[in-house]
Every structure is written in C-alpha cells, then in structure tokens.
$ cat upload10.txt   # compact mmCIF, C-alpha atoms
# COMPACT_ATOMS: atom_id res chain seq x y z
CA MET A 987 56.78 63.65 -36.34
CA LYS A 988 59.37 65.67 -38.27
CA ILE A 989 62.36 66.62 -36.12
CA LEU A 990 65.01 69.32 -36.54
CA VAL A 991 68.29 69.18 -34.62
CA VAL A 992 70.14 72.51 -34.44
CA GLY A 993 73.96 72.31 -34.50
CA GLY A 994 76.72 70.56 -36.39
CA GLY A 995 79.06 68.66 -34.06
CA GLY A 996 79.52 65.30 -32.36
CA ARG A 997 76.78 65.97 -29.83
CA GLU A 998 74.33 66.71 -32.63
CA HIS A 999 75.35 63.50 -34.44
CA VAL A 1000 74.59 61.36 -31.37
CA LEU A 1001 71.25 63.17 -30.93
CA VAL A 1002 70.34 62.59 -34.58
CA ARG A 1003 71.19 58.87 -34.36
CA LYS A 1004 69.32 58.41 -31.07
CA LEU A 1005 66.22 60.30 -32.29
CA LYS A 1006 66.33 58.25 -35.50
CA GLU A 1007 65.78 55.08 -33.42
CA SER A 1008 62.29 56.33 -32.51
CA PRO A 1009 59.41 54.85 -34.52
CA ARG A 1010 57.86 58.33 -34.21
CA ALA A 1011 60.66 60.01 -36.18
CA GLU A 1012 59.20 60.44 -39.66
CA ALA A 1013 62.04 62.65 -40.96
CA ILE A 1014 65.12 64.16 -39.31
CA TYR A 1015 66.80 67.39 -40.39
CA CYS A 1016 69.95 68.96 -39.01
CA ALA A 1017 71.03 72.60 -39.37
CA PRO A 1018 73.76 72.95 -40.44
CA GLY A 1019 74.95 69.38 -39.71
CA ASN A 1020 78.26 67.97 -40.99
CA GLY A 1021 79.65 65.26 -43.26
CA GLY A 1022 78.80 62.35 -40.98
CA ILE A 1023 75.41 63.73 -39.99
CA SER A 1024 74.52 63.99 -43.70
CA ARG A 1025 74.50 60.15 -43.81
CA ASP A 1026 71.84 60.02 -41.05
CA ALA A 1027 69.72 63.15 -41.58
CA GLU A 1028 68.92 65.77 -44.19
CA CYS A 1029 71.35 68.64 -43.60
CA VAL A 1030 69.99 72.14 -44.05
CA PRO A 1031 72.38 75.06 -44.73
CA ILE A 1032 71.18 77.30 -41.89
CA ALA A 1033 73.65 78.48 -39.23
CA ALA A 1034 72.98 77.18 -35.71
CA THR A 1035 72.72 80.80 -34.50
CA ASP A 1036 70.29 81.97 -37.22
CA ILE A 1037 67.14 82.23 -35.10
CA LYS A 1038 64.93 83.69 -37.86
CA GLY A 1039 66.14 81.09 -40.35
CA ILE A 1040 65.46 78.19 -37.97
CA VAL A 1041 61.98 79.47 -37.04
CA SER A 1042 60.93 79.98 -40.67
CA PHE A 1043 62.32 76.55 -41.72
CA ALA A 1044 60.44 74.89 -38.84
CA LYS A 1045 57.21 76.64 -39.85
CA GLU A 1046 57.52 75.94 -43.57
CA ASN A 1047 58.35 72.26 -43.03
CA GLN A 1048 55.83 71.60 -40.24
CA ILE A 1049 58.53 70.49 -37.82
CA GLY A 1050 57.00 68.85 -34.73
CA LEU A 1051 60.08 69.14 -32.49
CA VAL A 1052 63.19 71.33 -32.65
CA VAL A 1053 66.12 70.19 -30.50
CA VAL A 1054 68.37 73.20 -29.84
CA ALA A 1055 71.67 71.55 -28.92
CA PRO A 1056 74.51 74.19 -28.74
CA ASP A 1057 74.98 76.85 -26.06
CA ASP A 1058 75.08 79.95 -28.32
CA PRO A 1059 71.54 79.74 -29.78
CA LEU A 1060 70.13 78.79 -26.36
CA ALA A 1061 71.74 81.87 -24.78
CA ALA A 1062 70.48 84.02 -27.68
CA GLY A 1063 66.85 82.94 -27.14
CA MET A 1064 66.20 80.46 -29.95
CA VAL A 1065 63.85 78.37 -27.77
CA ASP A 1066 61.91 81.54 -26.80
CA ALA A 1067 61.47 82.42 -30.50
CA LEU A 1068 60.37 78.88 -31.46
CA GLU A 1069 57.88 78.56 -28.59
CA ASP A 1070 56.52 82.05 -29.26
CA ALA A 1071 55.88 80.89 -32.85
CA GLY A 1072 53.99 77.85 -31.52
CA ILE A 1073 56.75 75.33 -32.33
CA ARG A 1074 57.68 72.66 -29.76
CA ALA A 1075 61.34 73.00 -28.77
CA PHE A 1076 63.64 71.08 -26.46
CA GLY A 1077 66.02 73.29 -24.47
CA PRO A 1078 65.86 76.11 -21.94
CA ARG A 1079 64.66 79.63 -22.67
CA ALA A 1080 67.34 82.35 -22.64
CA ASN A 1081 66.77 83.46 -19.04
CA ALA A 1082 67.35 79.86 -17.85
CA ALA A 1083 70.28 79.25 -20.23
CA GLU A 1084 72.08 82.01 -18.34
CA ILE A 1085 73.04 79.32 -15.82
CA GLU A 1086 75.72 78.43 -18.40
CA SER A 1087 76.16 81.65 -20.37
CA SER A 1088 77.18 83.62 -17.27
CA LYS A 1089 79.60 82.11 -14.74
CA VAL A 1090 78.91 85.13 -12.53
CA PHE A 1091 75.15 84.39 -12.54
CA SER A 1092 75.65 80.69 -11.75
CA LYS A 1093 78.16 81.31 -8.93
CA ASN A 1094 75.93 83.95 -7.34
CA LEU A 1095 72.93 81.58 -7.65
CA MET A 1096 74.85 78.83 -5.81
CA LYS A 1097 75.98 81.24 -3.09
CA LYS A 1098 72.43 82.57 -2.58
CA TYR A 1099 70.82 79.12 -2.35
CA GLY A 1100 73.58 77.28 -0.47
CA ILE A 1101 74.54 74.93 -3.29
CA PRO A 1102 78.09 73.62 -2.63
CA THR A 1103 80.72 75.14 -4.95
CA ALA A 1104 84.26 76.56 -4.81
CA GLY A 1105 84.83 79.88 -3.00
CA TYR A 1106 85.12 82.77 -5.50
CA GLU A 1107 85.22 86.50 -6.25
CA VAL A 1108 84.04 88.38 -9.37
CA PHE A 1109 86.07 91.12 -11.11
CA ASP A 1110 85.39 93.49 -14.02
CA ARG A 1111 88.85 95.13 -13.91
CA PRO A 1112 92.16 93.33 -14.54
CA ASP A 1113 94.02 95.33 -11.86
CA ALA A 1114 91.44 94.39 -9.18
CA ALA A 1115 91.64 90.69 -10.14
CA LEU A 1116 95.44 90.77 -9.97
CA ALA A 1117 95.44 92.59 -6.61
CA TYR A 1118 93.16 89.86 -5.21
CA LEU A 1119 95.35 87.06 -6.62
CA ARG A 1120 98.45 88.72 -5.17
CA GLU A 1121 96.79 89.11 -1.78
CA GLN A 1122 95.44 85.53 -1.71
CA ASP A 1123 98.72 84.03 -2.95
CA ARG A 1124 97.11 80.56 -3.16
CA TYR A 1125 97.93 78.35 -6.14
CA PRO A 1126 96.78 76.70 -8.27
CA ALA A 1127 94.11 79.37 -8.83
CA VAL A 1128 91.20 79.04 -11.25
CA ILE A 1129 90.33 81.94 -13.57
CA LYS A 1130 87.11 81.73 -15.62
CA ALA A 1131 85.76 84.00 -18.33
CA ASP A 1132 82.20 84.99 -17.42
CA GLY A 1133 80.60 84.16 -20.77
CA LEU A 1134 80.60 81.33 -23.32
CA ALA A 1135 84.02 80.27 -24.61
CA LEU A 1136 83.58 76.91 -26.40
CA GLY A 1137 84.44 75.06 -23.20
CA LYS A 1138 87.92 76.64 -23.19
CA GLY A 1139 87.39 79.71 -20.99
CA VAL A 1140 89.08 78.29 -17.90
CA ILE A 1141 92.72 78.89 -16.94
CA ILE A 1142 94.33 77.01 -14.06
CA ALA A 1143 97.28 79.15 -12.97
CA SER A 1144 100.08 77.46 -11.02
CA ASP A 1145 101.71 80.76 -9.96
CA PHE A 1146 101.20 84.54 -10.11
CA GLN A 1147 102.95 84.83 -13.47
CA GLU A 1148 100.51 82.38 -15.07
CA ALA A 1149 97.60 84.15 -13.38
CA GLN A 1150 98.80 87.50 -14.76
CA SER A 1151 99.10 86.03 -18.24
CA GLY A 1152 95.61 84.44 -17.94
CA ILE A 1153 93.96 87.69 -16.83
CA LYS A 1154 95.66 89.53 -19.71
CA THR A 1155 94.56 86.92 -22.26
CA ILE A 1156 90.92 86.98 -21.14
CA MET A 1157 90.34 90.60 -20.06
CA GLU A 1158 92.77 92.65 -22.17
CA ASP A 1159 93.52 90.59 -25.30
CA LYS A 1160 89.83 89.54 -25.28
CA ILE A 1161 90.60 86.09 -26.69
CA PHE A 1162 86.94 85.18 -25.92
CA GLY A 1163 85.51 88.58 -26.89
CA ALA A 1164 82.87 90.09 -24.59
CA SER A 1165 82.79 86.82 -22.60
CA GLY A 1166 85.96 88.13 -20.93
CA ASN A 1167 84.51 91.46 -19.72
CA ARG A 1168 84.24 89.88 -16.27
CA VAL A 1169 86.14 87.02 -14.67
CA VAL A 1170 85.49 84.70 -11.77
CA VAL A 1171 88.57 83.86 -9.70
CA GLU A 1172 87.89 80.76 -7.61
CA GLU A 1173 89.63 78.32 -5.31
CA PHE A 1174 91.15 75.22 -6.88
CA LEU A 1175 89.25 72.08 -5.87
CA THR A 1176 90.77 68.60 -5.94
CA GLY A 1177 89.19 65.18 -6.34
CA PRO A 1178 87.69 63.06 -9.11
CA GLU A 1179 85.49 64.91 -11.61
CA VAL A 1180 82.03 63.67 -12.55
CA SER A 1181 79.66 64.83 -15.29
CA VAL A 1182 75.95 64.24 -14.68
CA LEU A 1183 73.46 65.25 -17.35
CA ALA A 1184 69.83 65.42 -16.28
CA PHE A 1185 66.44 65.75 -17.98
CA THR A 1186 64.26 68.32 -16.24
CA ASP A 1187 60.88 69.87 -17.00
CA GLY A 1188 61.31 72.57 -14.36
CA LYS A 1189 59.52 70.51 -11.70
CA CYS A 1190 60.93 66.99 -11.86
CA ILE A 1191 64.61 66.20 -12.47
CA ARG A 1192 65.80 62.83 -13.77
CA PRO A 1193 69.60 62.40 -13.78
CA MET A 1194 71.08 60.33 -16.62
CA VAL A 1195 73.86 57.79 -16.14
CA SER A 1196 77.15 59.36 -15.00
CA SER A 1197 80.21 60.01 -17.16
CA LYS A 1198 83.77 61.29 -16.97
CA ASP A 1199 85.35 63.70 -19.47
CA HIS A 1200 89.08 64.07 -20.19
CA LYS A 1201 89.73 67.77 -20.90
CA ARG A 1202 93.49 68.07 -21.43
CA ALA A 1203 94.88 67.56 -24.94
CA GLN A 1204 97.68 65.14 -24.09
CA ASP A 1205 98.15 61.86 -22.23
CA GLY A 1206 98.59 62.12 -18.48
CA ASP A 1207 96.25 65.14 -18.31
CA ARG A 1208 98.90 67.39 -19.80
CA GLY A 1209 98.65 70.09 -22.46
CA LEU A 1210 95.99 72.71 -23.10
CA ASN A 1211 92.34 72.51 -22.08
CA THR A 1212 90.11 71.29 -24.91
CA GLY A 1213 86.40 70.80 -25.48
CA GLY A 1214 86.99 67.16 -24.39
CA MET A 1215 89.29 64.39 -25.68
CA GLY A 1216 87.25 61.38 -24.62
CA THR A 1217 84.67 60.11 -22.16
CA ILE A 1218 83.59 57.03 -20.24
CA SER A 1219 80.28 56.01 -18.69
CA PRO A 1220 79.59 55.07 -15.95
CA ASN A 1221 82.00 57.16 -13.87
CA PRO A 1222 83.63 54.64 -11.48
CA TYR A 1223 83.88 57.23 -8.68
CA TYR A 1224 80.16 58.05 -8.66
CA THR A 1225 78.53 55.65 -6.19
CA PRO A 1226 74.76 55.27 -5.54
CA GLU A 1227 75.34 57.00 -2.16
CA LEU A 1228 76.97 59.98 -3.86
CA ALA A 1229 74.15 60.09 -6.43
CA GLU A 1230 71.64 60.36 -3.59
CA GLN A 1231 73.68 63.10 -1.88
CA CYS A 1232 73.94 65.06 -5.15
CA MET A 1233 70.18 64.77 -5.69
CA ASP A 1234 69.47 66.19 -2.21
CA GLU A 1235 72.20 68.85 -2.04
CA ILE A 1236 72.72 69.92 -5.68
CA PHE A 1237 70.23 68.70 -8.34
CA LEU A 1238 66.89 69.43 -6.65
CA PRO A 1239 68.13 72.67 -4.99
CA THR A 1240 69.30 73.93 -8.42
CA VAL A 1241 65.90 73.31 -10.05
CA ARG A 1242 64.16 74.96 -7.09
CA ALA A 1243 66.58 77.93 -7.15
CA MET A 1244 65.91 78.55 -10.84
CA ASN A 1245 62.15 78.49 -10.19
CA GLU A 1246 62.59 80.92 -7.27
CA GLU A 1247 64.46 83.26 -9.62
CA GLY A 1248 61.59 83.12 -12.15
CA ARG A 1249 63.77 81.18 -14.61
CA PRO A 1250 62.29 77.65 -14.75
CA PHE A 1251 64.76 75.35 -16.51
CA LYS A 1252 63.38 72.88 -19.08
CA GLY A 1253 65.69 70.68 -21.15
CA CYS A 1254 69.01 69.04 -20.36
CA LEU A 1255 70.84 70.47 -17.35
CA TYR A 1256 74.49 69.44 -17.05
CA PHE A 1257 76.27 69.29 -13.70
CA GLY A 1258 80.08 69.33 -13.73
CA LEU A 1259 80.99 68.07 -10.26
CA MET A 1260 84.15 67.63 -8.19
CA LEU A 1261 84.11 64.94 -5.50
CA THR A 1262 86.16 66.78 -2.86
CA ALA A 1263 87.15 65.67 0.65
CA ASP A 1264 84.29 67.95 1.86
CA GLY A 1265 81.74 66.26 -0.41
CA PRO A 1266 80.54 66.90 -3.99
CA LYS A 1267 80.73 70.48 -5.26
CA VAL A 1268 79.60 72.12 -8.52
CA ILE A 1269 82.42 73.23 -10.83
CA GLU A 1270 80.06 74.36 -13.60
CA TYR A 1271 76.60 74.08 -15.09
CA ASN A 1272 75.83 73.65 -18.79
CA SER A 1273 72.39 74.31 -20.24
CA ARG A 1274 72.58 71.45 -22.77
CA PHE A 1275 73.99 67.98 -23.44
CA GLY A 1276 77.75 67.88 -22.85
CA ASP A 1277 80.03 67.18 -25.80
CA PRO A 1278 81.57 64.53 -25.70
CA GLU A 1279 79.58 63.30 -22.64
CA ALA A 1280 76.47 62.81 -24.79
CA GLN A 1281 78.47 60.36 -26.93
CA VAL A 1282 78.70 57.88 -24.02
CA VAL A 1283 75.49 58.68 -22.14
CA LEU A 1284 72.89 58.58 -24.96
CA PRO A 1285 74.08 55.22 -26.42
CA ARG A 1286 73.14 53.72 -23.03
CA LEU A 1287 69.58 55.10 -23.19
CA ARG A 1288 66.92 52.43 -23.85
CA THR A 1289 63.84 54.68 -23.71
CA ASP A 1290 62.58 56.54 -26.79
CA LEU A 1291 64.27 59.98 -26.69
CA VAL A 1292 61.36 61.60 -28.58
CA ASP A 1293 58.99 60.50 -25.78
CA ILE A 1294 61.32 61.94 -23.11
CA MET A 1295 61.72 65.27 -24.91
CA GLU A 1296 57.97 65.53 -25.38
CA ALA A 1297 57.43 64.81 -21.66
CA VAL A 1298 59.91 67.57 -20.78
CA SER A 1299 58.16 70.02 -23.10
CA GLU A 1300 54.72 69.17 -21.63
CA GLU A 1301 56.00 69.16 -18.04
CA LYS A 1302 55.04 65.49 -17.64
CA LEU A 1303 58.52 64.10 -16.97
CA GLU A 1304 57.46 62.52 -13.68
CA GLN A 1305 55.10 60.18 -15.57
CA GLN A 1306 57.74 59.18 -18.15
CA PRO A 1307 59.72 55.99 -17.35
CA ILE A 1308 63.41 56.14 -18.37
CA GLU A 1309 65.51 52.98 -18.74
CA TRP A 1310 69.27 52.59 -19.22
CA ARG A 1311 71.51 49.81 -20.52
CA GLU A 1312 73.80 48.05 -18.05
CA GLU A 1313 76.73 48.12 -20.51
CA ALA A 1314 79.59 50.57 -20.14
CA CYS A 1315 80.44 53.00 -22.94
CA ALA A 1316 83.68 54.69 -24.03
CA CYS A 1317 84.44 57.44 -26.56
CA VAL A 1318 87.88 58.33 -27.96
CA ILE A 1319 88.18 61.67 -29.80
CA LEU A 1320 90.34 61.85 -32.94
CA ALA A 1321 91.62 65.41 -33.23
CA SER A 1322 93.53 67.46 -35.80
CA GLY A 1323 97.24 68.08 -35.26
CA GLY A 1324 97.67 71.36 -33.38
CA TYR A 1325 94.23 71.30 -31.70
CA PRO A 1326 93.15 73.17 -29.54
CA ALA A 1327 95.47 75.83 -31.05
CA ALA A 1328 95.86 76.26 -34.85
CA TYR A 1329 95.13 73.22 -37.07
CA ARG A 1330 94.54 72.45 -40.74
CA LYS A 1331 91.22 71.60 -42.39
CA GLY A 1332 90.35 69.70 -45.56
CA LEU A 1333 92.48 66.60 -44.88
CA GLU A 1334 91.15 63.37 -46.38
CA ILE A 1335 90.06 60.75 -43.83
CA SER A 1336 90.67 57.05 -44.56
CA GLY A 1337 89.36 53.99 -42.73
CA LEU A 1338 85.67 54.94 -42.76
CA GLY A 1339 82.92 53.17 -44.68
CA GLU A 1340 80.65 55.00 -47.13
CA ASN A 1341 78.36 55.99 -44.24
CA GLY A 1342 81.28 57.37 -42.25
CA GLN A 1343 81.34 54.42 -39.86
CA ALA A 1344 83.99 51.88 -38.75
CA ASP A 1345 83.78 48.22 -37.70
CA GLY A 1346 83.31 47.57 -33.99
CA ALA A 1347 82.26 51.10 -33.04
CA VAL A 1348 79.88 53.95 -33.79
CA VAL A 1349 81.69 56.99 -35.19
CA TYR A 1350 80.12 60.33 -34.27
CA HIS A 1351 81.32 63.07 -36.62
CA ALA A 1352 82.27 66.33 -34.91
CA GLY A 1353 84.22 68.21 -37.60
CA THR A 1354 83.88 66.63 -41.07
CA VAL A 1355 82.60 67.43 -44.55
CA PHE A 1356 81.51 64.90 -47.17
CA ARG A 1357 82.18 65.59 -50.84
CA ASP A 1358 82.70 63.45 -53.93
CA GLY A 1359 82.15 60.30 -51.88
CA LYS A 1360 84.92 61.09 -49.37
CA PHE A 1361 85.13 62.49 -45.84
CA TYR A 1362 87.48 65.39 -45.01
CA THR A 1363 88.40 67.10 -41.74
CA ASN A 1364 86.64 70.38 -40.95
CA GLY A 1365 87.37 71.05 -37.28
CA GLY A 1366 89.68 70.56 -34.32
CA ARG A 1367 87.81 67.62 -32.88
CA VAL A 1368 87.08 65.49 -35.92
CA LEU A 1369 85.55 62.16 -34.84
CA GLY A 1370 84.30 60.50 -31.65
CA VAL A 1371 84.86 56.75 -31.83
CA THR A 1372 82.40 55.15 -29.42
CA SER A 1373 81.79 51.58 -28.23
CA LEU A 1374 79.62 49.77 -25.73
CA GLY A 1375 81.00 46.80 -23.77
CA LYS A 1376 80.04 44.48 -20.92
CA ASN A 1377 82.45 46.55 -18.79
CA LEU A 1378 84.65 49.62 -19.18
CA THR A 1379 87.72 47.59 -20.17
CA GLN A 1380 85.89 45.94 -23.06
CA ALA A 1381 84.27 49.23 -24.18
CA LEU A 1382 87.68 50.96 -24.23
CA GLU A 1383 89.38 48.08 -26.07
CA ARG A 1384 86.72 48.20 -28.79
CA ALA A 1385 86.86 52.00 -29.13
CA TYR A 1386 90.68 52.04 -29.36
CA GLN A 1387 90.70 49.13 -31.81
CA ALA A 1388 88.34 51.02 -34.13
CA ALA A 1389 90.19 54.34 -33.66
CA SER A 1390 93.51 52.76 -34.68
CA GLY A 1391 92.08 51.98 -38.14
CA ILE A 1392 91.09 55.58 -38.95
CA HIS A 1393 93.69 57.95 -40.39
CA PHE A 1394 94.23 61.50 -41.61
CA GLU A 1395 97.36 63.61 -41.70
CA GLY A 1396 98.34 64.85 -38.23
CA ALA A 1397 95.57 62.90 -36.47
CA PHE A 1398 96.10 62.33 -32.76
CA TYR A 1399 94.19 60.97 -29.78
CA ARG A 1400 94.82 60.32 -26.12
CA HIS A 1401 95.87 56.77 -25.20
CA ASP A 1402 94.79 56.94 -21.56
CA ILE A 1403 91.04 57.58 -21.68
CA GLY A 1404 89.44 55.75 -18.74
CA LYS A 1405 92.78 54.91 -17.17

$ encode --input "upload10.txt" --output "structure tokens"
Amino acid sequence: MKILVVGGGGREHVLVRKLKESPRAEAIYCAPGNGGISRDAECVPIAATDIKGIVSFAKENQIGLVVVAPDDPLAAGMVDALEDAGIRAFGPRANAAEIESSKVFSKNLMKKYGIPTAGYEVFDRPDAALAYLREQDRYPAVIKADGLALGKGVIIASDFQEAQSGIKTIMEDKIFGASGNRVVVEEFLTGPEVSVLAFTDGKCIRPMVSSKDHKRAQDGDRGLNTGGMGTISPNPYYTPELAEQCMDEIFLPTVRAMNEEGRPFKGCLYFGLMLTADGPKVIEYNSRFGDPEAQVVLPRLRTDLVDIMEAVSEEKLEQQPIEWREEACACVILASGGYPAAYRKGLEISGLGENGQADGAVVYHAGTVFRDGKFYTNGGRVLGVTSLGKNLTQALERAYQAASGIHFEGAFYRHDIGK
C-alpha cells in the first residue's frame, strides 16, 4: 500500500516513522513534510491545506491510505473530499472535526450530554465578556478563542486587568483571526493534567497509553503557553481506576454524543483531561493526534499502525487487537530562541547525523529544512528528542543526554520535563 501523510511537523514525522515499520507500507509520501521527514519519506510540495492538490496527488499516485494529521485540513473537510473521491482516509470528516475547531460546539455538547467539564459562558461581544468577568470576580479565569489557534488560543488571567487584555487580544486585535469572533470564559480547574489519545471508528473506542504535556515555555511552568515543550508517557497520575472512570463517564459518552448529533467521529480523538478533586473533567478535545503527545505515545505502540487505521476506516476496530510496550517514553522539545513569540529561522543545526538523528534517541523533526547536506531551523519548535526506557527516569535521562549534544544559535529547552 502507498501511504500519504498530510502535514509537516513533529507529529507527522512520528506518524511517518511508525507507518514505515509496517510490512504493508510500500511507499510513504508526506505533504509538505520537512527536513527530517525527507530522510524517511518522499516529501511532496503540496500545502497541508490544499484539498484539491492532495486529492489529485492521491488519485494520480494510487495512494491506498491518506493520513490527515493537522487540525486545519480536517476542519476544512479534507477527509470528506478524499472519501467522496473514493480514497481511504484516516481522520474525522469536517462535521466531526468541529469538536476541536469550535470550543463553543464542544462545550455545548458536553453540557447537553452531561460530560464533566468546567463551568462556562459563551460571548460574541467583548463588553459582554468583560461585564461577566467583572460580575464573577473569580480568578484565575480561563479565556478561550472559539476556533483553531495552533494550540495557543487559551489565556489564563490572574486578575481583571489580564482578563481585559486577553479579551482585547483575542476579540479586538484578532490575534487568531476569525477564531476570536467568539470566546468561551470558563472556571479555572486545578489538578494534574492528563492527555489520552484514542482510536475510534465511531462505534468502538480504544484509548491509547496516557501521556502528560508541558505547555509553558519555561522551567517551573512559567512563561507563555506553547504548542508543547515536552511530554512523558505513561502519565503517573492516571491510574487504572481513573482510566475506567474516564471510559464510563467521558470517552464512551463522547462517542455516543457525536453519533446522536449525526456527526460520527472516526480517527484519533484526543481528550485533554484535568484530574480535579471532583473527579476527571474535560479541558479540551482535539480531532487528531496531539503534538508532542504522539511523540511519546506512538513509539510505545507494538501493533501495526496501518492495520489499526484500516480497521478504523472499515469500522472494524473492535476486532483489531492493539498492543503496547511496557517501557516509558519521554520527549524533550528543542525550540528557537524567542518561541512562542518572534524567533529566527535558517539557523544551522549541529549534532545530528546525516539522517537527522542522534545517538541514544529518536529525533522527530518539527521545524527543519534540509539543504546541501545540512539541517537548518524552520520553525519555533524545531526538534523533539525522544527516548524509551525501562522507567520514566531512564527515558528522561536518555532524552536529555541526546538533547544536550544538539546545538543551534539560541536553542533552548525545558530542564524539568517529567519532574
């Protein structure tokens, strides 16, 4: 089978490498890919959001499976277009992807079907949002842009002044464009966070091993929110008892709710959870593999990913066994100086082999280009240095050891992943 992965970041690199392990993978393409991905797949210069371009490439090259990895093309209906053209695709159709592309939709869905989440209100006018915040006078307060915002559309305001500034940034300055036409203002939950990705074919749901993301840019959970600075798997807070509770109260009810709404979800459904004193609650849904959660979850997968994706597509997931490695996994993100604000591109990276890898770890490329035999930076998050180990301590030691040997001007990473 020929396979096409749509996207060009760290998540797509881990998908490419995992799919490549399958004896069924005859050829792997990635559109548009990146410098590191080009060592593992044939990169095709088609933008991840170019639906027509992807469909015609898949037709012309007799692609047997298209894996649509990023949120934008899913929300825009790329899976609908591929399936309508008779091409097998992994990922939800646009009406199901709305569970991520609209915070308002997902919060209303949870309220309607009794799925535990933070209390909230929705606003389409800045003055109304501010009046509510003033009246509530409860901080920290969470302010979320309704639409997609590269994982950065959440502001945690510690007082009214910060809330005012956040509302202005999202709704008036339109830092996230039309995604900020509406906001959700919700109560601030406390407790350990857990990420659970799950395969689902719309009927059966099979959670993957748990993980924990580290969102803030700096050590000690300080600094700006990022797309993720590192991950560990398993999540030490997520016990088998909690997994069972989440299955009964959150995972299955979500799949059923989407079916009730006439939006069956097929693909990878991501649950961002908070383990509060009142039990687990949903912070957010994603309609695809998390990035960088995929970098620690998929390396632990023993089963052929092509088989799983085919089972999801054919709605035969219940009959598909899925096995996981016992080892722990850790990923440390190397980022460009200034990220997640302004940063430079085109800086030469040293410490990588000719295939973009390093001893003692697997390096997933998130923002790189490869030219004239060298790798250069091409994004805010540049590399995800990932290692397996017999336990979390060993996995982290290996990942940090490998990360310390990779350099580019202004590179930085957090030193407390998994702490």

$ closest_atom_pairs --input "upload10.txt" --of "region 1229-1291 of chain A" --to "region 1177-1192 of chain A" --cutoff "6 Å" --atoms "only C-alpha atoms" --output "JSON lines"
{"residue": "A:Pro1250", "atom": "CA", "partner": "A:Gly1188", "partner_atom": "CA", "distance": 5.2}
{"residue": "A:Phe1251", "atom": "CA", "partner": "A:Gly1188", "partner_atom": "CA", "distance": 4.9}
{"residue": "A:Lys1252", "atom": "CA", "partner": "A:Asp1187", "partner_atom": "CA", "distance": 4.4}
{"residue": "A:Gly1253", "atom": "CA", "partner": "A:Thr1186", "partner_atom": "CA", "distance": 5.6}
{"residue": "A:Cys1254", "atom": "CA", "partner": "A:Phe1185", "partner_atom": "CA", "distance": 4.8}
{"residue": "A:Leu1255", "atom": "CA", "partner": "A:Ala1184", "partner_atom": "CA", "distance": 5.3}
{"residue": "A:Tyr1256", "atom": "CA", "partner": "A:Leu1183", "partner_atom": "CA", "distance": 4.3}
{"residue": "A:Phe1257", "atom": "CA", "partner": "A:Val1182", "partner_atom": "CA", "distance": 5.2}
{"residue": "A:Gly1258", "atom": "CA", "partner": "A:Ser1181", "partner_atom": "CA", "distance": 4.8}
{"residue": "A:Leu1259", "atom": "CA", "partner": "A:Val1180", "partner_atom": "CA", "distance": 5.1}
{"residue": "A:Met1260", "atom": "CA", "partner": "A:Glu1179", "partner_atom": "CA", "distance": 4.6}
{"residue": "A:Leu1261", "atom": "CA", "partner": "A:Gly1177", "partner_atom": "CA", "distance": 5.2}
{"residue": "A:Thr1262", "atom": "CA", "partner": "A:Gly1177", "partner_atom": "CA", "distance": 4.9}

$ atom_distance --input "upload10.txt" --atom1 "CA of Val1140 (chain A)" --atom2 "CA of Leu1119 (chain A)"
15.6 Å

$ closest_residue --input "upload10.txt" --among "A:Ser1165, A:Thr1035, A:Gln1281, A:Gln1150" --to "Ser1219 (chain A)" --atoms "only C-alpha atoms"
A:Gln1281

$ closest_residue --input "upload10.txt" --among "A:Lys1098, A:Arg1202, A:Arg1111, A:Lys1331" --to "Gly1166 (chain A)" --atoms "only C-alpha atoms"
A:Arg1111

$ atom_distance --input "upload10.txt" --atom1 "CA of Ala1062 (chain A)" --atom2 "CA of Glu1172 (chain A)"
26.8 Å

$ closest_residue --input "upload10.txt" --among "A:Arg1079, A:Phe1146, A:Trp1310, A:Ala1316" --to "Ala1117 (chain A)" --atoms "all atoms listed in the file"
A:Phe1146

$ closest_residue --input "upload10.txt" --among "A:Gly1214, A:Gly1337, A:Gly1359, A:Gly1342" --to "Ala1388 (chain A)" --atoms "only C-alpha atoms"
A:Gly1337

$ closest_residue --input "upload10.txt" --among "A:Pro1226, A:Pro1078, A:Gly1163, A:Pro1009" --to "Gly1133 (chain A)" --atoms "only C-alpha atoms"
A:Gly1163

$ atom_distance --input "upload10.txt" --atom1 "CA of Ser1373 (chain A)" --atom2 "CA of Met1215 (chain A)"
15.1 Å

$ closest_residue --input "upload10.txt" --among "A:His1351, A:Lys1302, A:Lys1267, A:Arg1168" --to "Ile1236 (chain A)" --atoms "only C-alpha atoms"
A:Lys1267

$ residues_around --input "upload10.txt" --residues "region 1152-1160 of chain A" --least-positions-apart "6" --cutoff "7 Å" --atoms "all atoms listed in the file" --output "number ranges by chain"
A: 1112, 1131, 1141, 1166-1167

$ residues_around --input "upload10.txt" --residues "Ser1042 (chain A)" --least-positions-apart "6" --cutoff "10 Å" --atoms "only C-alpha atoms" --output "list in words"
Gln1048, Leu1068 and Ala1071 of chain A
